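J.: What follows is query_24.pdb, PDB, C-alpha atoms and all ligand atoms.
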```pdb
MODEL        1
ATOM      1  CA  MET A 450      44.039   8.144  -1.554  1.00  0.00           C
ATOM      2  CA  MET A 451      42.968   4.817  -0.249  1.00  0.00           C
ATOM      3  CA  LYS A 452      40.774   6.425   2.306  1.00  0.00           C
ATOM      4  CA  ARG A 453      39.268   8.833  -0.216  1.00  0.00           C
ATOM      5  CA  TYR A 454      38.532   5.993  -2.568  1.00  0.00           C
ATOM      6  CA  GLY A 455      36.990   3.969   0.149  1.00  0.00           C
ATOM      7  CA  ASN A 456      34.802   6.829   1.317  1.00  0.00           C
ATOM      8  CA  LYS A 457      33.646   7.867  -2.104  1.00  0.00           C
ATOM      9  CA  SER A 458      32.261   4.525  -3.001  1.00  0.00           C
ATOM     10  CA  GLY A 459      31.030   2.587  -0.073  1.00  0.00           C
ATOM     11  CA  THR A 460      30.147  -0.487  -2.049  1.00  0.00           C
ATOM     12  CA  MET A 461      33.220  -1.315  -4.059  1.00  0.00           C
ATOM     13  CA  ASN A 462      34.007  -4.927  -4.502  1.00  0.00           C
ATOM     14  CA  PRO A 463      36.917  -6.561  -2.715  1.00  0.00           C
ATOM     15  CA  GLU A 464      38.787  -7.097  -5.969  1.00  0.00           C
ATOM     16  CA  SER A 465      39.089  -3.403  -6.795  1.00  0.00           C
ATOM     17  CA  GLU A 466      40.089  -2.656  -3.231  1.00  0.00           C
ATOM     18  CA  MET A 467      42.948  -5.122  -3.465  1.00  0.00           C
ATOM     19  CA  HIS A 468      43.911  -3.615  -6.782  1.00  0.00           C
ATOM     20  CA  VAL A 469      44.298  -0.186  -5.193  1.00  0.00           C
ATOM     21  CA  TYR A 470      46.288  -1.666  -2.378  1.00  0.00           C
ATOM     22  CA  SER A 471      48.986  -3.136  -4.594  1.00  0.00           C
ATOM     23  CA  GLU A 472      49.335  -0.064  -6.783  1.00  0.00           C
ATOM     24  CA  GLY A 473      49.345   2.232  -3.786  1.00  0.00           C
ATOM     25  CA  ALA A 474      52.598   0.598  -2.760  1.00  0.00           C
ATOM     26  CA  GLY A 475      54.504   2.332  -5.602  1.00  0.00           C
ATOM     27  CA  ASP A 476      56.177   5.530  -4.388  1.00  0.00           C
ATOM     28  CA  SER A 477      57.516   7.336  -7.516  1.00  0.00           C
ATOM     29  CA  LYS A 478      55.555  10.467  -8.472  1.00  0.00           C
ATOM     30  CA  GLU A 479      55.035   9.327 -12.032  1.00  0.00           C
ATOM     31  CA  CYS A 480      53.604   6.116 -10.792  1.00  0.00           C
ATOM     32  CA  ALA A 481      51.331   8.018  -8.423  1.00  0.00           C
ATOM     33  CA  ASP A 482      50.076  10.221 -11.286  1.00  0.00           C
ATOM     34  CA  ILE A 483      49.259   7.268 -13.452  1.00  0.00           C
ATOM     35  CA  GLU A 484      47.713   5.618 -10.528  1.00  0.00           C
ATOM     36  CA  GLU A 485      45.640   8.706  -9.844  1.00  0.00           C
ATOM     37  CA  GLN A 486      44.385   8.743 -13.416  1.00  0.00           C
ATOM     38  CA  HIS A 487      43.765   5.082 -13.323  1.00  0.00           C
ATOM     39  CA  ASN A 488      41.899   5.303 -10.076  1.00  0.00           C
ATOM     40  CA  SER A 489      39.816   8.284 -11.044  1.00  0.00           C
ATOM     41  CA  LYS A 490      38.767   6.508 -14.214  1.00  0.00           C
ATOM     42  CA  GLU A 491      37.899   3.445 -12.256  1.00  0.00           C
ATOM     43  CA  ARG A 492      36.103   5.576  -9.740  1.00  0.00           C
ATOM     44  CA  THR A 493      34.007   7.174 -12.458  1.00  0.00           C
ATOM     45  CA  ASP A 494      33.157   3.821 -13.917  1.00  0.00           C
ATOM     46  CA  HIS A 495      32.325   2.521 -10.523  1.00  0.00           C
ATOM     47  CA  LYS A 496      30.200   5.550  -9.751  1.00  0.00           C
ATOM     48  CA  GLY A 497      28.410   5.212 -13.069  1.00  0.00           C
ATOM     49  CA  ASN A 498      27.682   1.657 -12.170  1.00  0.00           C
ATOM     50  CA  ILE A 499      26.250   2.653  -8.829  1.00  0.00           C
ATOM     51  CA  GLU A 500      24.159   5.370 -10.472  1.00  0.00           C
ATOM     52  CA  GLY A 501      22.793   2.808 -12.876  1.00  0.00           C
ATOM     53  CA  MET A 502      21.975   0.470 -10.047  1.00  0.00           C
ATOM     54  CA  LYS A 503      20.348   3.309  -8.149  1.00  0.00           C
ATOM     55  CA  GLN A 504      18.218   4.192 -11.150  1.00  0.00           C
ATOM     56  CA  ARG A 505      17.258   0.589 -11.614  1.00  0.00           C
ATOM     57  CA  ARG A 506      16.383   0.327  -7.955  1.00  0.00           C
ATOM     58  CA  ASN A 507      14.399   3.555  -8.100  1.00  0.00           C
ATOM     59  CA  SER A 508      12.386   2.374 -11.056  1.00  0.00           C
ATOM     60  CA  LEU A 509      11.785  -0.932  -9.312  1.00  0.00           C
ATOM     61  CA  ILE A 510      10.541   0.938  -6.254  1.00  0.00           C
ATOM     62  CA  PHE A 511       8.387   3.087  -8.509  1.00  0.00           C
ATOM     63  CA  ILE A 512       6.879   0.071 -10.234  1.00  0.00           C
ATOM     64  CA  ALA A 513       6.316  -1.648  -6.896  1.00  0.00           C
ATOM     65  CA  SER A 514       4.523   1.335  -5.367  1.00  0.00           C
ATOM     66  CA  LEU A 515       2.531   1.855  -8.554  1.00  0.00           C
ATOM     67  CA  SER A 516       1.273  -1.704  -8.454  1.00  0.00           C
ATOM     68  CA  ALA A 517       0.479  -1.315  -4.759  1.00  0.00           C
ATOM     69  CA  VAL A 518      -1.652   1.731  -5.549  1.00  0.00           C
ATOM     70  CA  LEU A 519      -3.378  -0.092  -8.392  1.00  0.00           C
ATOM     71  CA  ILE A 520      -4.114  -3.081  -6.181  1.00  0.00           C
ATOM     72  CA  VAL A 521      -5.599  -0.831  -3.488  1.00  0.00           C
ATOM     73  CA  LEU A 522      -7.741   0.966  -6.079  1.00  0.00           C
ATOM     74  CA  PHE A 523      -8.845  -2.346  -7.489  1.00  0.00           C
ATOM     75  CA  MET A 524      -9.835  -3.618  -4.035  1.00  0.00           C
ATOM     76  CA  LEU A 525     -11.670  -0.379  -3.223  1.00  0.00           C
ATOM     77  CA  GLN A 526     -13.574  -0.676  -6.454  1.00  0.00           C
ATOM     78  CA  ARG A 527     -14.565  -4.228  -5.670  1.00  0.00           C
ATOM     79  CA  LYS A 528     -15.498  -3.247  -2.173  1.00  0.00           C
ATOM     80  CA  ALA A 529     -17.727  -0.512  -3.544  1.00  0.00           C
ATOM     81  CA  VAL A 530     -19.908  -3.077  -5.313  1.00  0.00           C
ATOM     82  CA  PRO A 531     -21.806  -4.250  -2.204  1.00  0.00           C
ATOM     83  CA  ASP A 532     -23.306  -0.797  -1.747  1.00  0.00           C
ATOM     84  CA  SER A 533     -24.460  -0.477  -5.340  1.00  0.00           C
ATOM     85  CA  GLY A 534     -27.995  -1.761  -4.702  1.00  0.00           C
ATOM     86  CA  LEU A 535     -28.051  -3.214  -8.214  1.00  0.00           C
ATOM     87  CA  VAL A 536     -30.000  -6.324  -9.051  1.00  0.00           C
ATOM     88  CA  CYS A 537     -30.118  -8.416 -12.169  1.00  0.00           C
ATOM     89  CA  VAL A 538     -33.523  -9.459 -13.407  1.00  0.00           C
ATOM     90  CA  ILE A 539     -34.014 -12.649 -15.378  1.00  0.00           C
ATOM     91  CA  GLN A 540     -37.050 -12.766 -17.660  1.00  0.00           C
ATOM     92  CA  ILE A 541     -38.305 -15.657 -19.725  1.00  0.00           C
ATOM     93  CA  ASP A 542     -41.157 -15.086 -22.171  1.00  0.00           C
ATOM     94  CA  GLY A 543     -41.496 -11.591 -20.774  1.00  0.00           C
ATOM     95  CA  GLU A 544     -42.044 -12.845 -17.269  1.00  0.00           C
ATOM     96  CA  GLN A 545     -39.722 -12.173 -14.408  1.00  0.00           C
ATOM     97  CA  VAL A 546     -38.562 -15.533 -13.118  1.00  0.00           C
ATOM     98  CA  HIS A 547     -35.726 -14.545 -10.820  1.00  0.00           C
ATOM     99  CA  THR A 548     -33.696 -11.649  -9.455  1.00  0.00           C
ATOM    100  CA  MET A 549     -30.245 -11.626  -7.917  1.00  0.00           C
ATOM    101  CA  GLU A 550     -28.421  -8.917  -6.045  1.00  0.00           C
ATOM    102  CA  LEU A 551     -25.149  -8.009  -7.665  1.00  0.00           C
ATOM    103  CA  ASN A 552     -23.429  -7.623  -4.325  1.00  0.00           C
ATOM    104  CA  ARG A 553     -23.876 -11.290  -3.539  1.00  0.00           C
ATOM    105  CA  ASP A 554     -22.175 -13.983  -5.541  1.00  0.00           C
ATOM    106  CA  GLY A 555     -24.621 -16.589  -6.686  1.00  0.00           C
ATOM    107  CA  GLU A 556     -25.825 -18.853  -9.432  1.00  0.00           C
ATOM    108  CA  TYR A 557     -29.211 -19.503 -10.999  1.00  0.00           C
ATOM    109  CA  ARG A 558     -30.321 -22.044 -13.521  1.00  0.00           C
ATOM    110  CA  ALA A 559     -32.918 -20.432 -15.729  1.00  0.00           C
ATOM    111  CA  GLU A 560     -35.047 -22.947 -17.548  1.00  0.00           C
ATOM    112  CA  ASP A 561     -37.631 -22.266 -20.189  1.00  0.00           C
ATOM    113  CA  SER A 562     -40.836 -24.220 -20.749  1.00  0.00           C
ATOM    114  CA  ASP A 563     -39.056 -26.532 -23.186  1.00  0.00           C
ATOM    115  CA  GLY A 564     -36.491 -27.504 -20.590  1.00  0.00           C
ATOM    116  CA  HIS A 565     -33.660 -25.497 -22.154  1.00  0.00           C
ATOM    117  CA  TYR A 566     -31.399 -23.827 -19.675  1.00  0.00           C
ATOM    118  CA  ASN A 567     -29.020 -20.929 -19.048  1.00  0.00           C
ATOM    119  CA  ILE A 568     -26.689 -20.881 -16.072  1.00  0.00           C
ATOM    120  CA  VAL A 569     -26.579 -17.319 -14.777  1.00  0.00           C
ATOM    121  CA  VAL A 570     -23.718 -16.489 -12.446  1.00  0.00           C
ATOM    122  CA  VAL A 571     -23.204 -13.381 -10.341  1.00  0.00           C
ATOM    123  CA  LYS A 572     -19.642 -12.898  -9.276  1.00  0.00           C
ATOM    124  CA  ASP A 573     -17.829  -9.767  -8.077  1.00  0.00           C
ATOM    125  CA  GLY A 574     -20.724  -7.556  -9.112  1.00  0.00           C
ATOM    126  CA  THR A 575     -20.867  -8.915 -12.650  1.00  0.00           C
ATOM    127  CA  VAL A 576     -23.558 -11.084 -14.211  1.00  0.00           C
ATOM    128  CA  ARG A 577     -22.831 -13.532 -16.986  1.00  0.00           C
ATOM    129  CA  VAL A 578     -24.258 -16.599 -18.600  1.00  0.00           C
ATOM    130  CA  THR A 579     -21.572 -19.188 -18.102  1.00  0.00           C
ATOM    131  CA  GLU A 580     -23.352 -22.035 -19.802  1.00  0.00           C
ATOM    132  CA  ALA A 581     -26.386 -22.607 -21.991  1.00  0.00           C
ATOM    133  CA  ASP A 582     -27.713 -25.264 -24.318  1.00  0.00           C
ATOM    134  CA  CYS A 583     -28.795 -22.804 -26.987  1.00  0.00           C
ATOM    135  CA  ALA A 584     -27.448 -23.255 -30.502  1.00  0.00           C
ATOM    136  CA  ASN A 585     -25.876 -19.841 -31.060  1.00  0.00           C
ATOM    137  CA  GLN A 586     -24.244 -19.337 -27.624  1.00  0.00           C
ATOM    138  CA  ILE A 587     -24.624 -15.581 -28.027  1.00  0.00           C
ATOM    139  CA  CYS A 588     -25.729 -15.256 -24.405  1.00  0.00           C
ATOM    140  CA  VAL A 589     -22.491 -16.908 -23.269  1.00  0.00           C
ATOM    141  CA  GLN A 590     -20.362 -14.900 -25.668  1.00  0.00           C
ATOM    142  CA  THR A 591     -21.901 -11.626 -24.507  1.00  0.00           C
ATOM    143  CA  GLY A 592     -19.763 -11.924 -21.398  1.00  0.00           C
ATOM    144  CA  GLY A 593     -20.319  -9.989 -18.188  1.00  0.00           C
ATOM    145  CA  ILE A 594     -22.638  -7.056 -17.548  1.00  0.00           C
ATOM    146  CA  ARG A 595     -22.559  -4.902 -14.448  1.00  0.00           C
ATOM    147  CA  ASN A 596     -24.291  -1.593 -15.170  1.00  0.00           C
ATOM    148  CA  PRO A 597     -27.970  -0.631 -15.316  1.00  0.00           C
ATOM    149  CA  GLY A 598     -29.208  -0.746 -18.891  1.00  0.00           C
ATOM    150  CA  GLU A 599     -26.890  -3.549 -19.944  1.00  0.00           C
ATOM    151  CA  VAL A 600     -28.568  -6.683 -21.216  1.00  0.00           C
ATOM    152  CA  ILE A 601     -27.768 -10.294 -21.963  1.00  0.00           C
ATOM    153  CA  ALA A 602     -30.273 -11.935 -24.266  1.00  0.00           C
ATOM    154  CA  CYS A 603     -30.777 -15.542 -25.260  1.00  0.00           C
ATOM    155  CA  LEU A 604     -33.288 -15.318 -28.078  1.00  0.00           C
ATOM    156  CA  PRO A 605     -33.550 -19.089 -28.666  1.00  0.00           C
ATOM    157  CA  HIS A 606     -34.700 -19.425 -25.037  1.00  0.00           C
ATOM    158  CA  ARG A 607     -36.706 -16.150 -25.129  1.00  0.00           C
ATOM    159  CA  MET A 608     -34.708 -15.076 -22.102  1.00  0.00           C
ATOM    160  CA  ILE A 609     -33.229 -11.716 -21.186  1.00  0.00           C
ATOM    161  CA  ILE A 610     -31.152 -10.613 -18.234  1.00  0.00           C
ATOM    162  CA  TYR A 611     -30.905  -6.954 -17.397  1.00  0.00           C
ATOM    163  CA  ILE A 612     -29.575  -4.896 -14.532  1.00  0.00           C
ATOM    164  CA  GLU A 613     -31.610  -2.355 -12.655  1.00  0.00           C
ATOM    165  CA  ASP A 614     -31.137  -0.247  -9.594  1.00  0.00           C
ATOM    166  CA  GLY A 615     -32.912  -2.164  -6.841  1.00  0.00           C
ATOM    167  CA  THR A 616     -33.060   0.861  -4.549  1.00  0.00           C
ATOM    168  CA  ASN A 617     -35.508   2.683  -6.854  1.00  0.00           C
TER     169      ASN A 617
HETATM  170 ZN    ZN A 701     -28.194 -18.444 -25.522  1.00  0.00          ZN
ENDMDL
END
```
Can you present the structure in this file as structure tokens?
Ligand SMILES: [Zn+2]
T.:
Amino acid sequence: MMKRYGNKSGTMNPESEMHVYSEGAGDSKECADIEEQHNSKERTDHKGNIEGMKQRRNSLIFIASLSAVLIVLFMLQRKAVPDSGLVCVIQIDGEQVHTMELNRDGEYRAEDSDGHYNIVVVKDGTVRVTEADCANQICVQTGGIRNPGEVIACLPHRMIIYIEDGTN
């Protein structure tokens, strides 16, 4: 019985093993029956415990591999940006003052004729105005753009930023 118990559950704790040892010493049949019941119950509990741990471990493995896949996808997506050929065009008063490739991180300070400014930042294929001295801050609040046709406008500074496909 000892052997069977030991084989069935490889990872029992030392306490339960000792428990079996002392009870196994009894030699009356009645005692053995009770012991058998007792042990089988304990065995089931123990097994249930192991199953639970297994499930927990499996779900941990699942979550870990899922995040690994997501990270790889995320990196591939970021890597894909350099080949996009997209540029952002900065216009003030309808005149193109600057362009930046989206595949290269960079920063440009756009200044209008009155000396007002917008800080335009390209990072990870996204363009945004990070800072401006306009009153409404709409250009800053617009956030990032990264696709052709998307626009950031700063009307107080008569400035717009748009994205176009530079390969065309
Ligand atoms: Zn603005």
J.: Where does the PyMOL selection byres (((not hetatm)) within 6 of (chain A and resi 701)) land in this file, that is, which residues does it pick, as a short mmCIF file (atom, residue, chain, number, x, y, z; two decimals) with C-alpha atoms, in the coordinates of the input?
T.:
```cif
data_model
loop_
_atom_site.label_atom_id
_atom_site.label_comp_id
_atom_site.auth_asym_id
_atom_site.auth_seq_id
_atom_site.Cartn_x
_atom_site.Cartn_y
_atom_site.Cartn_z
CA ALA A 581 -26.39 -22.61 -21.99
CA CYS A 583 -28.80 -22.80 -26.99
CA GLN A 586 -24.24 -19.34 -27.62
CA ILE A 587 -24.62 -15.58 -28.03
CA CYS A 588 -25.73 -15.26 -24.40
CA CYS A 603 -30.78 -15.54 -25.26
#
```
J.: Starting from the shown file, work through the PyMOL selection byres (((chain A and resi 539-552) around 8) and not hetatm) and note down what comes out as a ChimeraX atom specification.
T.: /A:530-538,553-555,559,561,571-576,595,606-611
J.: Please, could you write that set of residues out with C-alpha atoms as a PDB file, in the coordinates of the input?
T.:
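So again.pdb came out as:
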```pdb
ATOM      1  CA  VAL A 530     -19.908  -3.077  -5.313  1.00  0.00           C
ATOM      2  CA  PRO A 531     -21.806  -4.250  -2.204  1.00  0.00           C
ATOM      3  CA  ASP A 532     -23.306  -0.797  -1.747  1.00  0.00           C
ATOM      4  CA  SER A 533     -24.460  -0.477  -5.340  1.00  0.00           C
ATOM      5  CA  GLY A 534     -27.995  -1.761  -4.702  1.00  0.00           C
ATOM      6  CA  LEU A 535     -28.051  -3.214  -8.214  1.00  0.00           C
ATOM      7  CA  VAL A 536     -30.000  -6.324  -9.051  1.00  0.00           C
ATOM      8  CA  CYS A 537     -30.118  -8.416 -12.169  1.00  0.00           C
ATOM      9  CA  VAL A 538     -33.523  -9.459 -13.407  1.00  0.00           C
ATOM     10  CA  ARG A 553     -23.876 -11.290  -3.539  1.00  0.00           C
ATOM     11  CA  ASP A 554     -22.175 -13.983  -5.541  1.00  0.00           C
ATOM     12  CA  GLY A 555     -24.621 -16.589  -6.686  1.00  0.00           C
ATOM     13  CA  ALA A 559     -32.918 -20.432 -15.729  1.00  0.00           C
ATOM     14  CA  ASP A 561     -37.631 -22.266 -20.189  1.00  0.00           C
ATOM     15  CA  VAL A 571     -23.204 -13.381 -10.341  1.00  0.00           C
ATOM     16  CA  LYS A 572     -19.642 -12.898  -9.276  1.00  0.00           C
ATOM     17  CA  ASP A 573     -17.829  -9.767  -8.077  1.00  0.00           C
ATOM     18  CA  GLY A 574     -20.724  -7.556  -9.112  1.00  0.00           C
ATOM     19  CA  THR A 575     -20.867  -8.915 -12.650  1.00  0.00           C
ATOM     20  CA  VAL A 576     -23.558 -11.084 -14.211  1.00  0.00           C
ATOM     21  CA  ARG A 595     -22.559  -4.902 -14.448  1.00  0.00           C
ATOM     22  CA  HIS A 606     -34.700 -19.425 -25.037  1.00  0.00           C
ATOM     23  CA  ARG A 607     -36.706 -16.150 -25.129  1.00  0.00           C
ATOM     24  CA  MET A 608     -34.708 -15.076 -22.102  1.00  0.00           C
ATOM     25  CA  ILE A 609     -33.229 -11.716 -21.186  1.00  0.00           C
ATOM     26  CA  ILE A 610     -31.152 -10.613 -18.234  1.00  0.00           C
ATOM     27  CA  TYR A 611     -30.905  -6.954 -17.397  1.00  0.00           C
TER      28      TYR A 611
END
```
J.: Which value, in Å to one decimal, gives the distance between atom CA of A:Val569 and atom CA of A:Glu556?
T.: 5.6 Å
J.: Find the spatial neighbours of A:Thr579, counting only C-alpha atoms, within a cut-off of 7 Å - ignore same-chain residues fewer than 5 positions away - and output them as a ChimeraX atom specification.
T.: /A:568-570,589
J.: So the first atom is atom CA of A:Val521 and the second is atom CA of A:Val600; what is the distance between them in Å, to one decimal place?
T.: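 Taking atom CA of A:Val521 and atom CA of A:Val600, their separation equals 29.6 Å.
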J.: State, in Å with one decimal place, the distance from atom CA of A:Gly592 to atom CA of A:Met524.
T.: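 Rounded to one decimal, the two atoms are 21.7 Å apart.
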J.: Pick the closest to A:Asp563 from A:Glu580, A:Ile510, A:Ile612, A:Pro605: which is it, counting only C-alpha atoms?
T.: A:Pro605
J.: For stretch 562-571 of chain A, what centre and edge lengths in Å (one decimal) does the axis-aligned box get once 5 Å is added on each side of all its listed atoms, as JSON?
T.:
```
{"center_x": -32.0, "center_y": -20.4, "center_z": -16.8, "size_x": 27.6, "size_y": 24.1, "size_z": 22.8}
```
J.: Missing atoms in stretch 579-597 of chain A: fill them in up to N, CA and C atoms and send the result as a PDB file, keeping the file's coordinate frame.
T.:
```
ATOM      1  N   THR A 579     -22.790 -18.390 -17.969  1.00  0.00           N
ATOM      2  CA  THR A 579     -21.572 -19.188 -18.102  1.00  0.00           C
ATOM      3  C   THR A 579     -21.801 -20.420 -18.971  1.00  0.00           C
ATOM      4  N   GLU A 580     -23.078 -20.806 -19.086  1.00  0.00           N
ATOM      5  CA  GLU A 580     -23.352 -22.035 -19.802  1.00  0.00           C
ATOM      6  C   GLU A 580     -24.788 -22.017 -20.285  1.00  0.00           C
ATOM      7  N   ALA A 581     -25.020 -22.534 -21.476  1.00  0.00           N
ATOM      8  CA  ALA A 581     -26.386 -22.607 -21.991  1.00  0.00           C
ATOM      9  C   ALA A 581     -26.430 -23.680 -23.066  1.00  0.00           C
ATOM     10  N   ASP A 582     -27.619 -24.227 -23.286  1.00  0.00           N
ATOM     11  CA  ASP A 582     -27.713 -25.264 -24.318  1.00  0.00           C
ATOM     12  C   ASP A 582     -28.361 -24.717 -25.590  1.00  0.00           C
ATOM     13  N   CYS A 583     -28.279 -23.392 -25.755  1.00  0.00           N
ATOM     14  CA  CYS A 583     -28.795 -22.804 -26.987  1.00  0.00           C
ATOM     15  C   CYS A 583     -27.803 -23.034 -28.128  1.00  0.00           C
ATOM     16  N   ALA A 584     -28.291 -22.934 -29.354  1.00  0.00           N
ATOM     17  CA  ALA A 584     -27.448 -23.255 -30.502  1.00  0.00           C
ATOM     18  C   ALA A 584     -26.409 -22.172 -30.773  1.00  0.00           C
ATOM     19  N   ASN A 585     -26.799 -20.891 -30.605  1.00  0.00           N
ATOM     20  CA  ASN A 585     -25.876 -19.841 -31.060  1.00  0.00           C
ATOM     21  C   ASN A 585     -24.876 -19.389 -29.982  1.00  0.00           C
ATOM     22  N   GLN A 586     -25.163 -19.670 -28.732  1.00  0.00           N
ATOM     23  CA  GLN A 586     -24.244 -19.337 -27.624  1.00  0.00           C
ATOM     24  C   GLN A 586     -23.963 -17.839 -27.502  1.00  0.00           C
ATOM     25  N   ILE A 587     -24.848 -17.030 -28.085  1.00  0.00           N
ATOM     26  CA  ILE A 587     -24.624 -15.581 -28.027  1.00  0.00           C
ATOM     27  C   ILE A 587     -24.694 -15.081 -26.585  1.00  0.00           C
ATOM     28  N   CYS A 588     -25.600 -15.678 -25.805  1.00  0.00           N
ATOM     29  CA  CYS A 588     -25.729 -15.256 -24.405  1.00  0.00           C
ATOM     30  C   CYS A 588     -24.428 -15.492 -23.639  1.00  0.00           C
ATOM     31  N   VAL A 589     -23.757 -16.600 -23.936  1.00  0.00           N
ATOM     32  CA  VAL A 589     -22.491 -16.908 -23.269  1.00  0.00           C
ATOM     33  C   VAL A 589     -21.403 -15.957 -23.760  1.00  0.00           C
ATOM     34  N   GLN A 590     -21.418 -15.733 -25.085  1.00  0.00           N
ATOM     35  CA  GLN A 590     -20.362 -14.900 -25.668  1.00  0.00           C
ATOM     36  C   GLN A 590     -20.502 -13.427 -25.314  1.00  0.00           C
ATOM     37  N   THR A 591     -21.707 -13.028 -24.899  1.00  0.00           N
ATOM     38  CA  THR A 591     -21.901 -11.626 -24.507  1.00  0.00           C
ATOM     39  C   THR A 591     -20.965 -11.247 -23.368  1.00  0.00           C
ATOM     40  N   GLY A 592     -20.671 -12.202 -22.509  1.00  0.00           N
ATOM     41  CA  GLY A 592     -19.763 -11.924 -21.398  1.00  0.00           C
ATOM     42  C   GLY A 592     -20.495 -11.267 -20.246  1.00  0.00           C
ATOM     43  N   GLY A 593     -19.750 -10.538 -19.412  1.00  0.00           N
ATOM     44  CA  GLY A 593     -20.319  -9.989 -18.188  1.00  0.00           C
ATOM     45  C   GLY A 593     -20.980  -8.635 -18.390  1.00  0.00           C
ATOM     46  N   ILE A 594     -22.040  -8.390 -17.620  1.00  0.00           N
ATOM     47  CA  ILE A 594     -22.638  -7.056 -17.548  1.00  0.00           C
ATOM     48  C   ILE A 594     -22.677  -6.655 -16.084  1.00  0.00           C
ATOM     49  N   ARG A 595     -22.578  -5.331 -15.844  1.00  0.00           N
ATOM     50  CA  ARG A 595     -22.559  -4.902 -14.448  1.00  0.00           C
ATOM     51  C   ARG A 595     -23.219  -3.542 -14.234  1.00  0.00           C
ATOM     52  N   ASN A 596     -23.706  -2.933 -15.296  1.00  0.00           N
ATOM     53  CA  ASN A 596     -24.291  -1.593 -15.170  1.00  0.00           C
ATOM     54  C   ASN A 596     -25.758  -1.592 -15.595  1.00  0.00           C
ATOM     55  N   PRO A 597     -26.567  -0.740 -14.932  1.00  0.00           N
ATOM     56  CA  PRO A 597     -27.970  -0.631 -15.316  1.00  0.00           C
ATOM     57  C   PRO A 597     -28.092  -0.308 -16.807  1.00  0.00           C
TER      58      PRO A 597
END
```
